[in-house]
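K.L.:
Before anything else, here's the structure in question.
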Amino acid sequence: MTQFKRVASLADIPPGTMLKVYLGHRAVAIYNVDGELFATTDNCTHETASLSEGTLNGHEVTCPKHNARFDVRTGKALCFPAVVGLKRYSVRVEDDDVFIGPPA
Ligand code: FES
């Protein structure tokens with residue numbers, strides 16, 4: 001059976017914001033895009049940088065270090081210098097609780 005872990009309250013991630021949480025030792029970024037939640041690895045695939053410390057514009061997150069952009073819905077890298085996409089995670093919301101599951 002697939003294991004989901006509670007990582008946050010929905011109130012912690014208002015629409016248009018993102019939040020870094022931990023799934024074991026792995027940092028995961030959760031994004032709230034107009035009320036719909038998505039989750040990816042928090043670390044940029046270019047170098048070491050926390051995407052949740054970047055900016056979220058619609059469904060695109062911009063890395064704070066060299067401005068690579070990723071589509072948080074698919075994990076796809078949208079521009080140089082990132083060429084590798086982000087791993088996505090399953091997200092589930094029950095009442096006010098946000099759960100992260102295994103890679104999607
Ligand atoms: S570390 Fe993210 S674009 Fe370079």
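Lettering and numbering for the structure tokens are positional, with chains as A, B, ... in the shown order, residues counted from 1 in each chain, and ligands counted from 1 in the shown order.
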Could you give me the residues within 10 Å of ligand 1, counting only C-alpha atoms and all ligand atoms, as a list in words?

P.N.:
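Result of the 10 Å neighbour search around ligand 1: Asn43, Cys44, Thr45, His46, Glu47, Thr48, Ala49, Ser50, Leu51, Gly54, Thr62, Cys63, Pro64, Lys65, His66, Asn67, Ala68, Arg69, Phe70, Ala77, Cys79, Phe80, Pro81, Ala82 and Val83 of chain A.
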
K.L.:
Can you pull out every residue within 10 Å of Arg92 of chain A, counting only C-alpha atoms, but drop anything in the same chain fewer than 4 positions away, and send it as a JSON list (two decimals) with all heavy atoms, in the first residue's frame?

P.N.:
[["chain", "number", "residue", "atom", "x", "y", "z"],
["A", 4, "PHE", "N", 1.41, 7.69, 2.42],
["A", 4, "PHE", "CA", 1.40, 9.15, 2.39],
["A", 4, "PHE", "C", 1.74, 9.64, 3.79],
["A", 4, "PHE", "O", 1.35, 9.02, 4.78],
["A", 4, "PHE", "CB", 0.03, 9.68, 1.96],
["A", 4, "PHE", "CG", -0.19, 9.66, 0.47],
["A", 4, "PHE", "CD1", -0.47, 8.47, -0.19],
["A", 4, "PHE", "CD2", -0.12, 10.83, -0.26],
["A", 4, "PHE", "CE1", -0.67, 8.45, -1.55],
["A", 4, "PHE", "CE2", -0.31, 10.82, -1.64],
["A", 4, "PHE", "CZ", -0.59, 9.62, -2.28],
["A", 5, "LYS", "N", 2.45, 10.76, 3.85],
["A", 5, "LYS", "CA", 2.84, 11.32, 5.14],
["A", 5, "LYS", "C", 2.29, 12.74, 5.25],
["A", 5, "LYS", "O", 2.42, 13.54, 4.31],
["A", 5, "LYS", "CB", 4.36, 11.35, 5.25],
["A", 5, "LYS", "CG", 4.86, 11.92, 6.56],
["A", 5, "LYS", "CD", 6.37, 12.01, 6.58],
["A", 5, "LYS", "CE", 6.82, 12.73, 7.85],
["A", 5, "LYS", "NZ", 8.21, 13.17, 7.75],
["A", 6, "ARG", "N", 1.69, 13.05, 6.41],
["A", 6, "ARG", "CA", 1.20, 14.42, 6.62],
["A", 6, "ARG", "C", 2.41, 15.33, 6.79],
["A", 6, "ARG", "O", 3.30, 15.05, 7.60],
["A", 6, "ARG", "CB", 0.33, 14.50, 7.87],
["A", 6, "ARG", "CG", -0.27, 15.90, 8.05],
["A", 6, "ARG", "CD", -0.89, 16.08, 9.41],
["A", 6, "ARG", "NE", -1.47, 17.41, 9.55],
["A", 6, "ARG", "CZ", -0.77, 18.52, 9.76],
["A", 6, "ARG", "NH1", 0.54, 18.48, 9.87],
["A", 6, "ARG", "NH2", -1.38, 19.69, 9.86],
["A", 37, "LEU", "N", -2.69, 21.86, -5.49],
["A", 37, "LEU", "CA", -1.35, 21.63, -4.96],
["A", 37, "LEU", "C", -0.54, 20.70, -5.85],
["A", 37, "LEU", "O", -1.04, 19.71, -6.39],
["A", 37, "LEU", "CB", -1.43, 21.03, -3.56],
["A", 37, "LEU", "CG", -2.10, 21.88, -2.48],
["A", 37, "LEU", "CD1", -1.94, 21.22, -1.11],
["A", 37, "LEU", "CD2", -1.55, 23.29, -2.44],
["A", 38, "PHE", "N", 0.76, 21.04, -5.96],
["A", 38, "PHE", "CA", 1.73, 20.21, -6.68],
["A", 38, "PHE", "C", 2.96, 20.10, -5.81],
["A", 38, "PHE", "O", 3.22, 20.96, -4.96],
["A", 38, "PHE", "CB", 2.11, 20.86, -8.02],
["A", 38, "PHE", "CG", 0.94, 21.08, -8.93],
["A", 38, "PHE", "CD1", 0.25, 22.28, -8.92],
["A", 38, "PHE", "CD2", 0.51, 20.08, -9.79],
["A", 38, "PHE", "CE1", -0.85, 22.49, -9.74],
["A", 38, "PHE", "CE2", -0.58, 20.28, -10.62],
["A", 38, "PHE", "CZ", -1.26, 21.48, -10.60],
["A", 97, "ASP", "N", -5.37, 18.97, 6.16],
["A", 97, "ASP", "CA", -4.09, 18.28, 6.20],
["A", 97, "ASP", "C", -3.56, 17.98, 4.80],
["A", 97, "ASP", "O", -4.30, 17.50, 3.93],
["A", 97, "ASP", "CB", -4.21, 16.97, 6.97],
["A", 97, "ASP", "CG", -4.59, 17.21, 8.42],
["A", 97, "ASP", "OD1", -4.05, 18.16, 9.02],
["A", 97, "ASP", "OD2", -5.44, 16.46, 8.93],
["A", 98, "VAL", "N", -2.27, 18.27, 4.61],
["A", 98, "VAL", "CA", -1.62, 18.02, 3.31],
["A", 98, "VAL", "C", -0.68, 16.82, 3.48],
["A", 98, "VAL", "O", 0.15, 16.79, 4.39],
["A", 98, "VAL", "CB", -0.81, 19.25, 2.85],
["A", 98, "VAL", "CG1", -0.10, 18.97, 1.53],
["A", 98, "VAL", "CG2", -1.73, 20.46, 2.72],
["A", 99, "PHE", "N", -0.84, 15.86, 2.58],
["A", 99, "PHE", "CA", -0.04, 14.64, 2.61],
["A", 99, "PHE", "C", 0.79, 14.54, 1.33],
["A", 99, "PHE", "O", 0.31, 14.88, 0.25],
["A", 99, "PHE", "CB", -0.94, 13.40, 2.69],
["A", 99, "PHE", "CG", -1.77, 13.33, 3.94],
["A", 99, "PHE", "CD1", -2.97, 14.04, 4.03],
["A", 99, "PHE", "CD2", -1.37, 12.57, 5.02],
["A", 99, "PHE", "CE1", -3.74, 13.98, 5.18],
["A", 99, "PHE", "CE2", -2.14, 12.50, 6.17],
["A", 99, "PHE", "CZ", -3.32, 13.21, 6.26],
["A", 100, "ILE", "N", 2.02, 14.06, 1.48],
["A", 100, "ILE", "CA", 2.87, 13.80, 0.33],
["A", 100, "ILE", "C", 3.09, 12.30, 0.23],
["A", 100, "ILE", "O", 3.36, 11.63, 1.24],
["A", 100, "ILE", "CB", 4.24, 14.50, 0.50],
["A", 100, "ILE", "CG1", 4.06, 16.01, 0.53],
["A", 100, "ILE", "CG2", 5.19, 14.13, -0.65],
["A", 100, "ILE", "CD1", 3.62, 16.61, -0.76],
["A", 101, "GLY", "N", 3.01, 11.81, -1.00],
["A", 101, "GLY", "CA", 3.21, 10.39, -1.23],
["A", 101, "GLY", "C", 4.50, 10.15, -1.98],
["A", 101, "GLY", "O", 5.37, 11.02, -2.06]]

K.L.:
Near Ala8 of chain A, counting only C-alpha atoms, which residues have an atom at most 12 Å away, once you skip same-chain residues fewer than 6 positions from it, shown as an MDAnalysis selection string?

P.N.:
chainID A and resid 14 18:23 28:31 37 91:100

K.L.:
What residues in segment 4-102 of chain A get the DSSP label strand (DSSP E)? Please answer as a PyMOL selection string.

P.N.:
chain A and resi 5-9+18-23+26-33+36-41+55-57+60-62+69-71+88-94+97-102

K.L.:
Rank A:Glu60, A:Glu36, A:Asp71, A:Asp12 by their smallest atom-to-atom distance to Arg88 of chain A, using only C-alpha atoms, and report the top residue only.

P.N.:
A:Asp71

K.L.:
Using Å and a single decimal, report how far atom CA of Gly24 of chain A sits from atom CA of Leu56 of chain A.

P.N.:
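Atom CA of Leu56 of chain A sits 24.5 Å away from atom CA of Gly24 of chain A.
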
K.L.:
So the first atom is atom CA of Glu53 of chain A and the second is atom CA of Thr17 of chain A; what is the distance between them in Å, to one decimal place?

P.N.:
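Computed distance, atom CA of Glu53 of chain A to atom CA of Thr17 of chain A, equals 10.3 Å.
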
K.L.:
With only C-alpha atoms as the basis for distance, which of A:Pro15, A:Thr40, A:Gly58, A:Ser90 is at the shortest distance from Lys76 of chain A?

P.N.:
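Of all the options, A:Thr40 lies closest to Lys76 of chain A.
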
K.L.:
Let me make sure I understand: among A:Asn32, A:Tyr89, A:Val84, A:Gln3, which one has the smallest atom-to-atom distance to Val61 of chain A if we use only C-alpha atoms?

P.N.:
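Among A:Asn32, A:Tyr89, A:Val84, A:Gln3, it is A:Asn32 that comes nearest to Val61 of chain A.
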
K.L.:
Would you please work out which residue, of A:Leu10, A:Lys87, A:Val72, A:Leu78, is nearest to Ser52 of chain A when using only C-alpha atoms?

P.N.:
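With only C-alpha atoms as the atom set, the closest residue is A:Val72.
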
K.L.:
Would you mind reading off the distance between atom CA of Asn57 of chain A and atom CA of Asp34 of chain A, one decimal, in Å?

P.N.:
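A separation of 10.6 Å between them.
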